[in-house]
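Working notes, structure below.
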Amino acid sequence: MVASLKCIEENCRDIVSPMSKAYVCPTCGGLQDVVYDFQIDDPEEIKHLFLQRRLSNHLLDLSGVWRYRELLPFCEDVSKVVSMQEGNTPIYEAPRCAEYVGLKQLHLKHQGLNPTGSFKDNGMTAGVTQANLLNSRMVACASTGNTSASMAAYASRAGMKAVIFIPDQQIAFGKLAQSLDYGALTLQLEGDFDESMKLVKEITQETDVYLLNSINPFRLEGQKAIIIEMLCQRDWQVPDRVVVPGGNLGNSASFGKAIRELHDLGFIRKMPMVTIIQAQRANPLYQTLIDHSPRLVPVEAHTLATAIKIGNPVSWKKAVRAMDWTQGWCDFVSEQDIADAKAMIGRDGIGCEPASATTVAGIKKLIRTGEIDPEEDVVAVLTGNLLKDPDYATNYHQDSLYEEATYRNELLEKKDKVRSTFANAPIKVRADKEEILKILNL
Ligand SMILES: *Cc1c(COP(=O)(O)O)cnc(C)c1O
């Protein structure tokens with residue numbers, strides 16, 4: 001067997017079989033890594049193999065995760081792989097965003113162009129494949145939306161039952177619609193994400209249901225492919241920096257592990273810095289770092305970027321490790337910064353969800369503070385698709401986006417308006433040719 005599960009705690013490092021259903025260390029309760037005895041002698045040969053596979057129509061090769069299977073070799077029986085041809089996402093040059101933030105050049109890797117519209121698919125193909133290897137019939141997660149949408153789809157593909165726990169009233173509409181359509185049993189709970197998370201952990205610990213939150217180390221194995229694919233697309237030219245939004249911090253954790261392994265195996269000579277951007281009022285990682293705290297400093301999370309509205313992130317220790325390994329850092333941005341950055345990404349013809357726009361907003365901030373050099377080669381990872389949360393975009397462009405708003409079918413209360421700096425509101429016009437030509441200045 002080439003894979004095992006290893007505790008990340010320095011004073012434990014306990015190793016268990018990958019066929020254990022536990023998702024934390026049975027000895028100390030710490031987070032676990034999937035670790036391997038990699039069978040790779042010549043990285044250049046493997047790079048060539050990855051490139052060759054892009055000509056193949058084999059299901060595994062069509063996946064932007066399993067194409068790189070030598071770097072996540074936990075599934076020996078490939079007939080168990082559950083794939084929807086995830087990954088395969090483009091890297092776009094974003095000249096308007098580059099100018100906006102003050103960089104000479106900026107590249108955006110758009111994970112929102114995955115089968116269910118977020119990077120969660122990269123992880124979910126791995127997580128559901130592991131559930132399949134364990135013969136699980138039922139899988140569960142707590143979610144701010146995208147994890148549940150993705151898990152619902154992959155569980156259905158695999159013929160498993162999906163149970164999702166979502167915080168009441170706090171999930172973007174597109175994501176809820178997906179979970180319902182993909183046939184998941186959807187439980188809307190009173191309270192916030194952190195409370196849903198606590199419950200689903202208890203329930204999966206006590207039953208046969210398999211947990212597919214990002215605390216599940218196999219999901220993070222799939223997300224490593226975001227980094228691997230990005231490097232393949234750049235012919236292994238390593239960028240100076242990779243910028244990623246921070247919510248539960250699984251993606252940041254996974255990027256760190258991917259970069260470390262690629263470096264240790266000789267695929268790359270330098271490590272790109274992993275820079276994590278949180279929302280200002282959902283910034284527990286930042287608080288923990290500036291306090292030099294050995295424990296997480298949880299916060300009560302508030303942000304319109306619901307995908308990162310998390311006050312008690314489960315993978316924070318792995319995220320700290322990722323920053324240590326790569327000389328990275330973490331910062332936060334305001335709701336105003338997020339909204340304007342998102343509109344600017346839109347002007348480059350690229351649609352993302354609010355959480356994804358923290359990256360461009362964060363780069364702008366770090367250039368202002370001198371942390372990032374304008375000449376740097378930076379790749380920002382856009383995590384989710386615009387259509388996940390169309391309300392946010394239409395509200396912004398029609399000058400009606402509020403940091404605090406309560407709805408019950410209609411807007412009940414609104415507070416702290418976000419300025420619509422780059423508003424592009426629709427224009428009401430009579431169905432009259434002359435009038436339209438006047439508006440068009442023709
Ligand atoms: C899940 C998610 C995040 C946060 O990722 P973490 O791994 O939890 O830090 C950010 N953006 C989008 C769109 C997401 O779906």
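As shown in the structure tokens, the chain order sets the letters A, B, ...; within each chain, residues go from 1, and ligands are also counted from 1 in the order they appear.
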
Practice item. Could I get the residue neighbourhood of ligand 1 at 6 Å, counting only C-alpha atoms and all ligand atoms, as a ChimeraX atom specification? Key: /A:118,146,245-251,307-308,355-356,383-384

Selection export as a CSV table (one decimal), in the first residue's frame, atoms kept: all heavy atoms:
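Just written: out-v4.csv:
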```
chain,number,residue,atom,x,y,z
A,118,SER,N,-17.3,25.4,-8.9
A,118,SER,CA,-16.3,25.8,-7.9
A,118,SER,C,-15.2,24.8,-7.8
A,118,SER,O,-15.3,23.7,-8.2
A,118,SER,CB,-16.9,26.0,-6.5
A,118,SER,OG,-17.1,24.8,-5.8
A,146,ASN,N,-21.0,25.7,-1.6
A,146,ASN,CA,-20.4,25.0,-2.7
A,146,ASN,C,-20.0,23.6,-2.4
A,146,ASN,O,-20.0,22.7,-3.3
A,146,ASN,CB,-19.1,25.8,-3.1
A,146,ASN,CG,-19.5,27.0,-4.0
A,146,ASN,OD1,-20.6,27.0,-4.6
A,146,ASN,ND2,-18.7,28.1,-3.9
A,245,PRO,N,-8.3,32.8,-1.6
A,245,PRO,CA,-9.2,33.2,-0.5
A,245,PRO,C,-9.1,32.2,0.6
A,245,PRO,O,-8.9,31.0,0.4
A,245,PRO,CB,-10.6,33.2,-1.2
A,245,PRO,CG,-10.4,33.0,-2.6
A,245,PRO,CD,-9.1,32.4,-2.8
A,246,GLY,N,-9.3,32.7,1.8
A,246,GLY,CA,-9.3,31.8,3.0
A,246,GLY,C,-10.6,31.8,3.7
A,246,GLY,O,-11.1,32.8,4.1
A,247,GLY,N,-11.2,30.6,3.7
A,247,GLY,CA,-12.4,30.3,4.5
A,247,GLY,C,-12.2,29.3,5.5
A,247,GLY,O,-11.7,29.6,6.6
A,248,ASN,N,-12.5,28.0,5.2
A,248,ASN,CA,-12.1,27.0,6.1
A,248,ASN,C,-10.7,26.6,6.0
A,248,ASN,O,-10.2,25.7,6.7
A,248,ASN,CB,-13.0,25.8,5.8
A,248,ASN,CG,-13.7,25.2,7.1
A,248,ASN,OD1,-13.2,25.5,8.2
A,248,ASN,ND2,-14.7,24.4,6.9
A,249,LEU,N,-10.0,27.1,5.1
A,249,LEU,CA,-8.6,27.1,4.9
A,249,LEU,C,-8.1,25.7,4.3
A,249,LEU,O,-6.9,25.4,4.3
A,249,LEU,CB,-7.8,27.4,6.1
A,249,LEU,CG,-8.1,28.9,6.6
A,249,LEU,CD1,-7.5,29.1,8.0
A,249,LEU,CD2,-7.5,29.9,5.6
A,250,GLY,N,-9.0,24.9,3.7
A,250,GLY,CA,-8.6,23.7,3.1
A,250,GLY,C,-7.8,23.9,1.9
A,250,GLY,O,-6.8,23.2,1.6
A,251,ASN,N,-8.2,24.9,1.1
A,251,ASN,CA,-7.5,25.1,-0.2
A,251,ASN,C,-6.1,25.6,0.1
A,251,ASN,O,-5.2,25.1,-0.6
A,251,ASN,CB,-8.3,26.1,-1.0
A,251,ASN,CG,-8.4,25.8,-2.5
A,251,ASN,OD1,-8.1,24.6,-2.9
A,251,ASN,ND2,-8.7,26.7,-3.3
A,307,ALA,N,-19.1,32.2,1.0
A,307,ALA,CA,-18.2,31.0,0.9
A,307,ALA,C,-17.0,31.1,1.9
A,307,ALA,O,-16.4,30.1,2.2
A,307,ALA,CB,-17.7,30.9,-0.6
A,308,ILE,N,-16.7,32.3,2.4
A,308,ILE,CA,-15.6,32.4,3.3
A,308,ILE,C,-16.1,33.0,4.7
A,308,ILE,O,-15.4,33.5,5.4
A,308,ILE,CB,-14.5,33.3,2.8
A,308,ILE,CG1,-15.0,34.6,2.2
A,308,ILE,CG2,-13.7,32.5,1.7
A,308,ILE,CD1,-13.9,35.6,1.9
A,355,ALA,N,-16.4,35.7,-2.9
A,355,ALA,CA,-15.2,35.2,-2.1
A,355,ALA,C,-14.0,35.2,-3.0
A,355,ALA,O,-12.9,35.5,-2.5
A,355,ALA,CB,-15.5,33.8,-1.6
A,356,SER,N,-14.2,34.9,-4.3
A,356,SER,CA,-13.0,34.8,-5.2
A,356,SER,C,-12.3,36.2,-5.4
A,356,SER,O,-11.1,36.2,-5.6
A,356,SER,CB,-13.5,34.3,-6.6
A,356,SER,OG,-14.3,33.2,-6.5
A,383,THR,N,-12.2,31.1,-7.1
A,383,THR,CA,-12.7,29.9,-6.5
A,383,THR,C,-14.0,29.4,-7.0
A,383,THR,O,-14.4,28.2,-7.0
A,383,THR,CB,-12.6,30.0,-5.0
A,383,THR,OG1,-13.2,31.3,-4.7
A,383,THR,CG2,-11.2,29.9,-4.5
A,384,GLY,N,-14.9,30.4,-7.3
A,384,GLY,CA,-16.3,30.1,-7.7
A,384,GLY,C,-16.8,30.9,-8.8
A,384,GLY,O,-16.3,32.0,-9.1
```

Exercise for review: Tell me which protein, DNA and RNA residues are within 8 Å of region 229-240 of chain A, counting only C-alpha atoms, leaving out same-chain ones fewer than 4 positions away, and put them as a PyMOL selection string.
Suggested key: chain A and resi 47+50-51+64+88+91+109+225+268+270-273+376-379

For the selection just defined, write its residues with all heavy atoms to a file, as a short mmCIF file (atom, residue, chain, number, x, y, z; two decimals), in the first residue's frame.
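Contents of the output file selection27.cif:
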```cif
data_model
loop_
_atom_site.label_atom_id
_atom_site.label_comp_id
_atom_site.auth_asym_id
_atom_site.auth_seq_id
_atom_site.Cartn_x
_atom_site.Cartn_y
_atom_site.Cartn_z
N LYS A 47 6.32 14.73 -15.93
CA LYS A 47 5.79 15.96 -16.54
C LYS A 47 5.39 15.69 -17.99
O LYS A 47 4.35 16.14 -18.46
CB LYS A 47 6.85 17.07 -16.53
CG LYS A 47 7.12 17.68 -15.18
CD LYS A 47 8.19 18.76 -15.31
CE LYS A 47 8.67 19.23 -13.97
NZ LYS A 47 9.78 20.20 -14.08
N PHE A 50 2.17 13.70 -18.11
CA PHE A 50 1.00 14.57 -17.86
C PHE A 50 0.59 15.30 -19.14
O PHE A 50 -0.58 15.43 -19.46
CB PHE A 50 1.30 15.62 -16.79
CG PHE A 50 1.50 15.07 -15.39
CD1 PHE A 50 2.08 15.87 -14.39
CD2 PHE A 50 1.10 13.77 -15.06
CE1 PHE A 50 2.26 15.38 -13.11
CE2 PHE A 50 1.29 13.28 -13.78
CZ PHE A 50 1.88 14.08 -12.80
N LEU A 51 1.57 15.76 -19.87
CA LEU A 51 1.30 16.51 -21.10
C LEU A 51 0.70 15.58 -22.16
O LEU A 51 -0.28 15.91 -22.82
CB LEU A 51 2.62 17.11 -21.59
CG LEU A 51 2.55 18.21 -22.64
CD1 LEU A 51 1.74 19.40 -22.14
CD2 LEU A 51 3.96 18.66 -23.04
N GLY A 64 -8.95 16.73 -14.80
CA GLY A 64 -7.86 17.60 -14.38
C GLY A 64 -7.40 17.33 -12.96
O GLY A 64 -6.68 18.14 -12.37
N ASN A 88 -9.30 21.08 -15.31
CA ASN A 88 -9.22 21.55 -16.71
C ASN A 88 -9.65 23.01 -16.82
O ASN A 88 -10.32 23.40 -17.78
CB ASN A 88 -10.11 20.70 -17.63
CG ASN A 88 -9.67 19.26 -17.69
OD1 ASN A 88 -8.50 18.98 -17.94
ND2 ASN A 88 -10.57 18.34 -17.43
N ILE A 91 -6.34 29.48 -17.33
CA ILE A 91 -5.68 30.62 -16.71
C ILE A 91 -5.85 31.78 -17.67
O ILE A 91 -5.48 31.68 -18.84
CB ILE A 91 -4.18 30.37 -16.49
CG1 ILE A 91 -3.95 29.15 -15.61
CG2 ILE A 91 -3.51 31.60 -15.86
CD1 ILE A 91 -2.48 28.86 -15.34
N LYS A 109 -6.52 32.04 -12.37
CA LYS A 109 -6.90 30.64 -12.67
C LYS A 109 -8.33 30.45 -12.20
O LYS A 109 -8.62 30.55 -11.02
CB LYS A 109 -5.96 29.65 -12.00
CG LYS A 109 -6.36 28.20 -12.29
CD LYS A 109 -5.18 27.25 -12.31
CE LYS A 109 -5.59 25.79 -12.54
NZ LYS A 109 -6.10 25.48 -13.89
N ALA A 225 -4.32 19.26 -7.20
CA ALA A 225 -4.26 19.30 -8.67
C ALA A 225 -4.43 20.72 -9.21
O ALA A 225 -4.05 20.99 -10.35
CB ALA A 225 -5.31 18.37 -9.26
N ILE A 268 9.88 21.11 -9.00
CA ILE A 268 10.14 22.55 -9.05
C ILE A 268 11.33 22.87 -8.14
O ILE A 268 11.59 22.15 -7.17
CB ILE A 268 8.90 23.39 -8.59
CG1 ILE A 268 8.37 22.93 -7.22
CG2 ILE A 268 7.78 23.31 -9.63
CD1 ILE A 268 7.23 23.77 -6.66
N LYS A 270 11.88 26.26 -7.04
CA LYS A 270 11.51 27.31 -6.07
C LYS A 270 10.03 27.16 -5.72
O LYS A 270 9.26 26.60 -6.50
CB LYS A 270 11.82 28.70 -6.65
CG LYS A 270 10.67 29.37 -7.34
CD LYS A 270 10.99 30.81 -7.75
CE LYS A 270 9.69 31.43 -8.28
NZ LYS A 270 9.80 32.67 -8.98
N MET A 271 9.67 27.61 -4.55
CA MET A 271 8.28 27.50 -4.12
C MET A 271 7.59 28.85 -4.28
O MET A 271 8.10 29.86 -3.80
CB MET A 271 8.21 27.10 -2.65
CG MET A 271 8.83 25.77 -2.35
SD MET A 271 8.14 25.13 -0.80
CE MET A 271 9.58 24.44 -0.07
N PRO A 272 6.41 28.88 -4.93
CA PRO A 272 5.66 30.14 -4.95
C PRO A 272 5.12 30.43 -3.56
O PRO A 272 4.77 29.51 -2.81
CB PRO A 272 4.51 29.83 -5.93
CG PRO A 272 4.36 28.35 -5.92
CD PRO A 272 5.71 27.77 -5.59
N MET A 273 5.10 31.71 -3.19
CA MET A 273 4.56 32.09 -1.88
C MET A 273 3.05 31.92 -1.89
O MET A 273 2.38 32.36 -2.83
CB MET A 273 4.89 33.55 -1.58
CG MET A 273 6.37 33.81 -1.41
SD MET A 273 6.73 35.58 -1.23
CE MET A 273 6.92 36.08 -2.94
N GLU A 376 6.13 41.48 -9.81
CA GLU A 376 5.97 40.07 -9.45
C GLU A 376 5.07 39.30 -10.43
O GLU A 376 4.14 39.86 -10.98
CB GLU A 376 5.36 39.95 -8.05
CG GLU A 376 6.36 39.65 -6.98
CD GLU A 376 5.69 39.41 -5.63
OE1 GLU A 376 4.63 38.75 -5.58
OE2 GLU A 376 6.21 39.91 -4.62
N ASP A 377 5.37 38.03 -10.55
CA ASP A 377 4.57 37.11 -11.37
C ASP A 377 3.55 36.47 -10.42
O ASP A 377 3.91 35.62 -9.60
CB ASP A 377 5.53 36.08 -11.96
CG ASP A 377 4.83 35.06 -12.84
OD1 ASP A 377 3.59 35.13 -12.98
OD2 ASP A 377 5.54 34.18 -13.38
N VAL A 378 2.29 36.92 -10.52
CA VAL A 378 1.28 36.51 -9.55
C VAL A 378 0.14 35.75 -10.25
O VAL A 378 -0.36 36.18 -11.29
CB VAL A 378 0.68 37.74 -8.83
CG1 VAL A 378 -0.35 37.31 -7.78
CG2 VAL A 378 1.77 38.58 -8.18
N VAL A 379 -0.27 34.64 -9.65
CA VAL A 379 -1.47 33.92 -10.09
C VAL A 379 -2.49 33.97 -8.95
O VAL A 379 -2.18 33.55 -7.84
CB VAL A 379 -1.18 32.45 -10.46
CG1 VAL A 379 -2.47 31.73 -10.86
CG2 VAL A 379 -0.15 32.36 -11.58
#
```

Point to revise | Residue list (strand (DSSP E), DSSP) for region 175-214 of chain A, as a count of residues only | key: 7

Please return as a CSV table (one decimal) with N, CA and C atoms, in the first residue's frame: the residues of region 254-439 of chain A that backbone DSSP assigns to helix (DSSP H, G or I).
```
chain,number,residue,atom,x,y,z
A,254,SER,N,-4.1,22.7,1.1
A,254,SER,CA,-3.8,21.8,0.0
A,254,SER,C,-2.7,22.4,-0.9
A,255,PHE,N,-2.8,23.7,-1.2
A,255,PHE,CA,-1.7,24.3,-2.0
A,255,PHE,C,-0.4,24.2,-1.4
A,256,GLY,N,-0.3,24.4,-0.1
A,256,GLY,CA,1.0,24.2,0.6
A,256,GLY,C,1.5,22.8,0.5
A,257,LYS,N,0.7,21.8,0.7
A,257,LYS,CA,1.1,20.4,0.6
A,257,LYS,C,1.6,20.1,-0.8
A,258,ALA,N,0.8,20.6,-1.8
A,258,ALA,CA,1.2,20.3,-3.2
A,258,ALA,C,2.6,20.9,-3.5
A,259,ILE,N,2.8,22.2,-3.1
A,259,ILE,CA,4.0,22.9,-3.4
A,259,ILE,C,5.2,22.2,-2.7
A,260,ARG,N,5.0,21.8,-1.5
A,260,ARG,CA,6.0,21.2,-0.7
A,260,ARG,C,6.4,19.8,-1.4
A,261,GLU,N,5.4,19.0,-1.8
A,261,GLU,CA,5.7,17.7,-2.4
A,261,GLU,C,6.4,17.9,-3.7
A,262,LEU,N,5.9,18.8,-4.5
A,262,LEU,CA,6.5,19.0,-5.9
A,262,LEU,C,7.9,19.5,-5.7
A,263,HIS,N,8.2,20.2,-4.7
A,263,HIS,CA,9.6,20.7,-4.4
A,263,HIS,C,10.4,19.5,-3.9
A,264,ASP,N,9.9,18.8,-3.0
A,264,ASP,CA,10.7,17.6,-2.4
A,264,ASP,C,10.9,16.6,-3.5
A,284,PRO,N,-10.2,35.0,11.1
A,284,PRO,CA,-9.6,34.4,12.3
A,284,PRO,C,-8.1,34.0,12.1
A,285,LEU,N,-7.7,33.7,10.9
A,285,LEU,CA,-6.3,33.3,10.6
A,285,LEU,C,-5.4,34.5,10.8
A,286,TYR,N,-5.8,35.6,10.3
A,286,TYR,CA,-5.1,36.9,10.5
A,286,TYR,C,-5.0,37.2,11.9
A,287,GLN,N,-6.1,37.2,12.7
A,287,GLN,CA,-6.1,37.5,14.1
A,287,GLN,C,-5.1,36.6,14.8
A,288,THR,N,-5.1,35.3,14.5
A,288,THR,CA,-4.2,34.3,15.1
A,288,THR,C,-2.8,34.7,14.9
A,289,LEU,N,-2.4,35.0,13.7
A,289,LEU,CA,-1.0,35.3,13.3
A,289,LEU,C,-0.6,36.6,14.0
A,290,ILE,N,-1.4,37.7,14.0
A,290,ILE,CA,-0.9,38.9,14.6
A,290,ILE,C,-0.8,38.8,16.1
A,306,THR,N,-20.3,34.7,1.2
A,306,THR,CA,-20.7,33.6,2.1
A,306,THR,C,-19.8,32.4,2.1
A,307,ALA,N,-19.1,32.2,1.0
A,307,ALA,CA,-18.2,31.0,0.9
A,307,ALA,C,-17.0,31.1,1.9
A,308,ILE,N,-16.7,32.3,2.4
A,308,ILE,CA,-15.6,32.4,3.3
A,308,ILE,C,-16.1,33.0,4.7
A,316,TRP,N,-6.8,25.4,9.9
A,316,TRP,CA,-5.9,26.6,10.2
A,316,TRP,C,-4.5,26.2,10.4
A,317,LYS,N,-4.3,25.1,11.1
A,317,LYS,CA,-2.9,24.7,11.3
A,317,LYS,C,-2.1,24.3,10.0
A,318,LYS,N,-2.9,23.6,9.1
A,318,LYS,CA,-2.3,23.3,7.9
A,318,LYS,C,-2.0,24.6,7.0
A,319,ALA,N,-2.9,25.6,7.2
A,319,ALA,CA,-2.7,26.8,6.5
A,319,ALA,C,-1.4,27.5,7.0
A,320,VAL,N,-1.3,27.5,8.3
A,320,VAL,CA,-0.1,28.2,8.9
A,320,VAL,C,1.2,27.5,8.4
A,321,ARG,N,1.1,26.1,8.3
A,321,ARG,CA,2.2,25.3,7.8
A,321,ARG,C,2.5,25.7,6.3
A,322,ALA,N,1.4,25.9,5.5
A,322,ALA,CA,1.6,26.3,4.1
A,322,ALA,C,2.4,27.6,4.0
A,323,MET,N,2.0,28.5,4.9
A,323,MET,CA,2.7,29.8,4.8
A,323,MET,C,4.1,29.7,5.3
A,324,ASP,N,4.3,28.9,6.3
A,324,ASP,CA,5.7,28.7,6.8
A,324,ASP,C,6.6,28.1,5.7
A,325,TRP,N,6.1,27.1,5.0
A,325,TRP,CA,6.9,26.4,4.0
A,325,TRP,C,7.2,27.3,2.8
A,326,THR,N,6.3,28.2,2.5
A,326,THR,CA,6.4,28.9,1.2
A,326,THR,C,6.8,30.4,1.5
A,335,GLU,N,-15.4,44.7,2.8
A,335,GLU,CA,-16.5,44.4,1.9
A,335,GLU,C,-16.5,45.3,0.7
A,336,GLN,N,-16.2,46.5,0.9
A,336,GLN,CA,-16.1,47.5,-0.2
A,336,GLN,C,-15.0,47.0,-1.2
A,337,ASP,N,-13.8,46.7,-0.7
A,337,ASP,CA,-12.7,46.2,-1.6
A,337,ASP,C,-13.1,45.0,-2.4
A,338,ILE,N,-13.8,44.1,-1.7
A,338,ILE,CA,-14.3,42.8,-2.4
A,338,ILE,C,-15.2,43.2,-3.5
A,339,ALA,N,-16.2,44.0,-3.3
A,339,ALA,CA,-17.2,44.3,-4.3
A,339,ALA,C,-16.6,45.0,-5.5
A,340,ASP,N,-15.7,46.0,-5.2
A,340,ASP,CA,-15.1,46.7,-6.4
A,340,ASP,C,-14.2,45.8,-7.2
A,341,ALA,N,-13.4,44.9,-6.5
A,341,ALA,CA,-12.5,44.0,-7.2
A,341,ALA,C,-13.3,43.0,-8.0
A,342,LYS,N,-14.5,42.6,-7.5
A,342,LYS,CA,-15.3,41.7,-8.3
A,342,LYS,C,-15.8,42.3,-9.5
A,343,ALA,N,-16.2,43.6,-9.4
A,343,ALA,CA,-16.7,44.3,-10.6
A,343,ALA,C,-15.5,44.4,-11.6
A,344,MET,N,-14.3,44.7,-11.1
A,344,MET,CA,-13.2,44.8,-12.0
A,344,MET,C,-12.8,43.5,-12.7
A,345,ILE,N,-12.9,42.4,-12.0
A,345,ILE,CA,-12.7,41.1,-12.6
A,345,ILE,C,-13.8,40.9,-13.7
A,346,GLY,N,-15.0,41.4,-13.5
A,346,GLY,CA,-16.0,41.3,-14.5
A,346,GLY,C,-15.7,42.1,-15.7
A,347,ARG,N,-15.0,43.2,-15.6
A,347,ARG,CA,-14.6,44.1,-16.7
A,347,ARG,C,-13.6,43.4,-17.6
A,354,PRO,N,-18.3,36.5,-5.0
A,354,PRO,CA,-17.6,37.5,-4.1
A,354,PRO,C,-16.3,37.0,-3.4
A,355,ALA,N,-16.4,35.7,-2.9
A,355,ALA,CA,-15.2,35.2,-2.1
A,355,ALA,C,-14.0,35.2,-3.0
A,356,SER,N,-14.2,34.9,-4.3
A,356,SER,CA,-13.0,34.8,-5.2
A,356,SER,C,-12.3,36.2,-5.4
A,357,ALA,N,-13.1,37.2,-5.3
A,357,ALA,CA,-12.6,38.6,-5.5
A,357,ALA,C,-11.7,39.1,-4.4
A,358,THR,N,-11.7,38.4,-3.3
A,358,THR,CA,-10.8,38.8,-2.2
A,358,THR,C,-9.4,38.8,-2.7
A,359,THR,N,-9.1,37.9,-3.7
A,359,THR,CA,-7.7,37.7,-4.2
A,359,THR,C,-7.2,39.0,-4.8
A,360,VAL,N,-8.0,39.5,-5.8
A,360,VAL,CA,-7.7,40.8,-6.5
A,360,VAL,C,-7.6,41.9,-5.5
A,361,ALA,N,-8.6,42.0,-4.6
A,361,ALA,CA,-8.6,43.1,-3.6
A,361,ALA,C,-7.4,43.0,-2.7
A,362,GLY,N,-7.0,41.8,-2.4
A,362,GLY,CA,-5.9,41.5,-1.5
A,362,GLY,C,-4.6,41.9,-2.2
A,363,ILE,N,-4.4,41.6,-3.4
A,363,ILE,CA,-3.2,42.0,-4.2
A,363,ILE,C,-3.1,43.5,-4.2
A,364,LYS,N,-4.2,44.2,-4.5
A,364,LYS,CA,-4.2,45.6,-4.5
A,364,LYS,C,-3.7,46.2,-3.2
A,365,LYS,N,-4.2,45.6,-2.1
A,365,LYS,CA,-3.8,46.1,-0.8
A,365,LYS,C,-2.3,45.9,-0.5
A,366,LEU,N,-1.9,44.7,-0.9
A,366,LEU,CA,-0.5,44.3,-0.6
A,366,LEU,C,0.5,45.1,-1.5
A,367,ILE,N,0.0,45.5,-2.7
A,367,ILE,CA,0.9,46.4,-3.5
A,367,ILE,C,1.0,47.8,-2.8
A,368,ARG,N,-0.1,48.2,-2.3
A,368,ARG,CA,-0.1,49.5,-1.7
A,368,ARG,C,0.8,49.5,-0.5
A,386,LEU,N,-19.6,33.2,-11.0
A,386,LEU,CA,-20.5,34.4,-10.8
A,386,LEU,C,-21.9,33.9,-10.6
A,387,LEU,N,-22.3,32.9,-11.3
A,387,LEU,CA,-23.8,32.5,-11.3
A,387,LEU,C,-24.2,31.8,-10.0
A,388,LYS,N,-23.2,31.6,-9.1
A,388,LYS,CA,-23.5,31.0,-7.8
A,388,LYS,C,-24.3,32.0,-7.0
A,390,PRO,N,-25.9,35.4,-8.1
A,390,PRO,CA,-26.2,36.5,-9.1
A,390,PRO,C,-26.9,37.7,-8.3
A,391,ASP,N,-27.5,37.5,-7.2
A,391,ASP,CA,-28.1,38.6,-6.4
A,391,ASP,C,-27.1,39.6,-6.1
A,392,TYR,N,-25.9,39.1,-5.6
A,392,TYR,CA,-24.8,40.1,-5.2
A,392,TYR,C,-24.5,41.0,-6.4
A,393,ALA,N,-24.3,40.4,-7.6
A,393,ALA,CA,-23.9,41.2,-8.7
A,393,ALA,C,-25.0,42.2,-9.1
A,394,THR,N,-26.2,41.8,-9.2
A,394,THR,CA,-27.3,42.7,-9.6
A,394,THR,C,-27.5,43.8,-8.6
A,395,ASN,N,-27.4,43.4,-7.3
A,395,ASN,CA,-27.5,44.5,-6.3
A,395,ASN,C,-26.4,45.5,-6.4
A,396,TYR,N,-25.2,45.0,-6.6
A,396,TYR,CA,-24.0,45.9,-6.7
A,396,TYR,C,-24.3,46.9,-7.9
A,397,HIS,N,-24.6,46.4,-9.0
A,397,HIS,CA,-24.7,47.2,-10.2
A,397,HIS,C,-25.9,48.1,-10.2
A,433,LYS,N,-37.2,53.0,-31.4
A,433,LYS,CA,-35.9,53.0,-32.0
A,433,LYS,C,-35.1,54.3,-31.8
A,434,GLU,N,-35.8,55.4,-32.0
A,434,GLU,CA,-35.2,56.7,-31.9
A,434,GLU,C,-34.6,56.9,-30.5
A,435,GLU,N,-35.4,56.5,-29.5
A,435,GLU,CA,-34.9,56.7,-28.1
A,435,GLU,C,-33.7,55.8,-27.9
A,436,ILE,N,-33.7,54.6,-28.4
A,436,ILE,CA,-32.6,53.7,-28.2
A,436,ILE,C,-31.3,54.2,-28.9
A,437,LEU,N,-31.5,54.7,-30.1
A,437,LEU,CA,-30.3,55.3,-30.8
A,437,LEU,C,-29.7,56.5,-30.1
A,438,LYS,N,-30.6,57.2,-29.4
A,438,LYS,CA,-30.1,58.4,-28.7
A,438,LYS,C,-29.2,57.9,-27.5
A,439,ILE,N,-29.7,56.9,-26.8
A,439,ILE,CA,-28.9,56.3,-25.7
A,439,ILE,C,-27.6,55.7,-26.2
```

Practice item. Please identify all polymer residues within 9 Å of Asn216 (chain A), counting only C-alpha atoms, omitting same-chain residues fewer than 3 positions from it, and present them as a list of chain:residue names. Key: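 The filter keeps A:Ala22, A:Tyr23, A:Val24, A:Leu31, A:Gln32, A:Gly127, A:Leu211, A:Leu212, A:Asn213, A:Arg219, A:Leu220.
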
Practice item. Enter the distance from CA of Asp194 (chain A) to CA of Pro298 (chain A), in Å, rounded to one decimal. Key: 10.3 Å

Show me, as a CSV table (one decimal) with N, CA and C atoms, in the first residue's frame, the residues that have an atom within 7 Å of Val65 (chain A) when counting only C-alpha atoms, minus same-chain residues fewer than 3 positions from it.
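And here's around-v4.csv as it stands now:
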```csv
chain,number,residue,atom,x,y,z
A,68,TYR,N,-3.2,13.6,-13.0
A,68,TYR,CA,-1.9,13.8,-12.2
A,68,TYR,C,-1.8,12.7,-11.2
A,86,GLU,N,-13.5,17.0,-13.9
A,86,GLU,CA,-13.3,18.2,-13.1
A,86,GLU,C,-11.9,18.8,-13.5
A,87,GLY,N,-11.7,20.0,-12.9
A,87,GLY,CA,-10.4,20.7,-13.2
A,87,GLY,C,-10.4,21.2,-14.6
A,122,ASN,N,-12.7,19.7,-7.5
A,122,ASN,CA,-11.3,19.1,-7.5
A,122,ASN,C,-11.1,18.2,-6.3
A,222,GLY,N,-7.2,16.0,-3.8
A,222,GLY,CA,-7.7,16.4,-5.1
A,222,GLY,C,-7.4,17.8,-5.4
A,225,ALA,N,-4.3,19.3,-7.2
A,225,ALA,CA,-4.3,19.3,-8.7
A,225,ALA,C,-4.4,20.7,-9.2
```

**Study point:** Separation of CA of Phe193 (chain A) from CA of Leu133 (chain A), in Å and rounded to one decimal
**Key:** 28.5 Å

**Study point:** Counting only C-alpha atoms, the option among A:Arg96, A:His292, A:Lys224, A:Lys198 closest to Asn312 (chain A)
**Key:**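 Of all the options, A:Lys198 lies closest to Asn312 (chain A).
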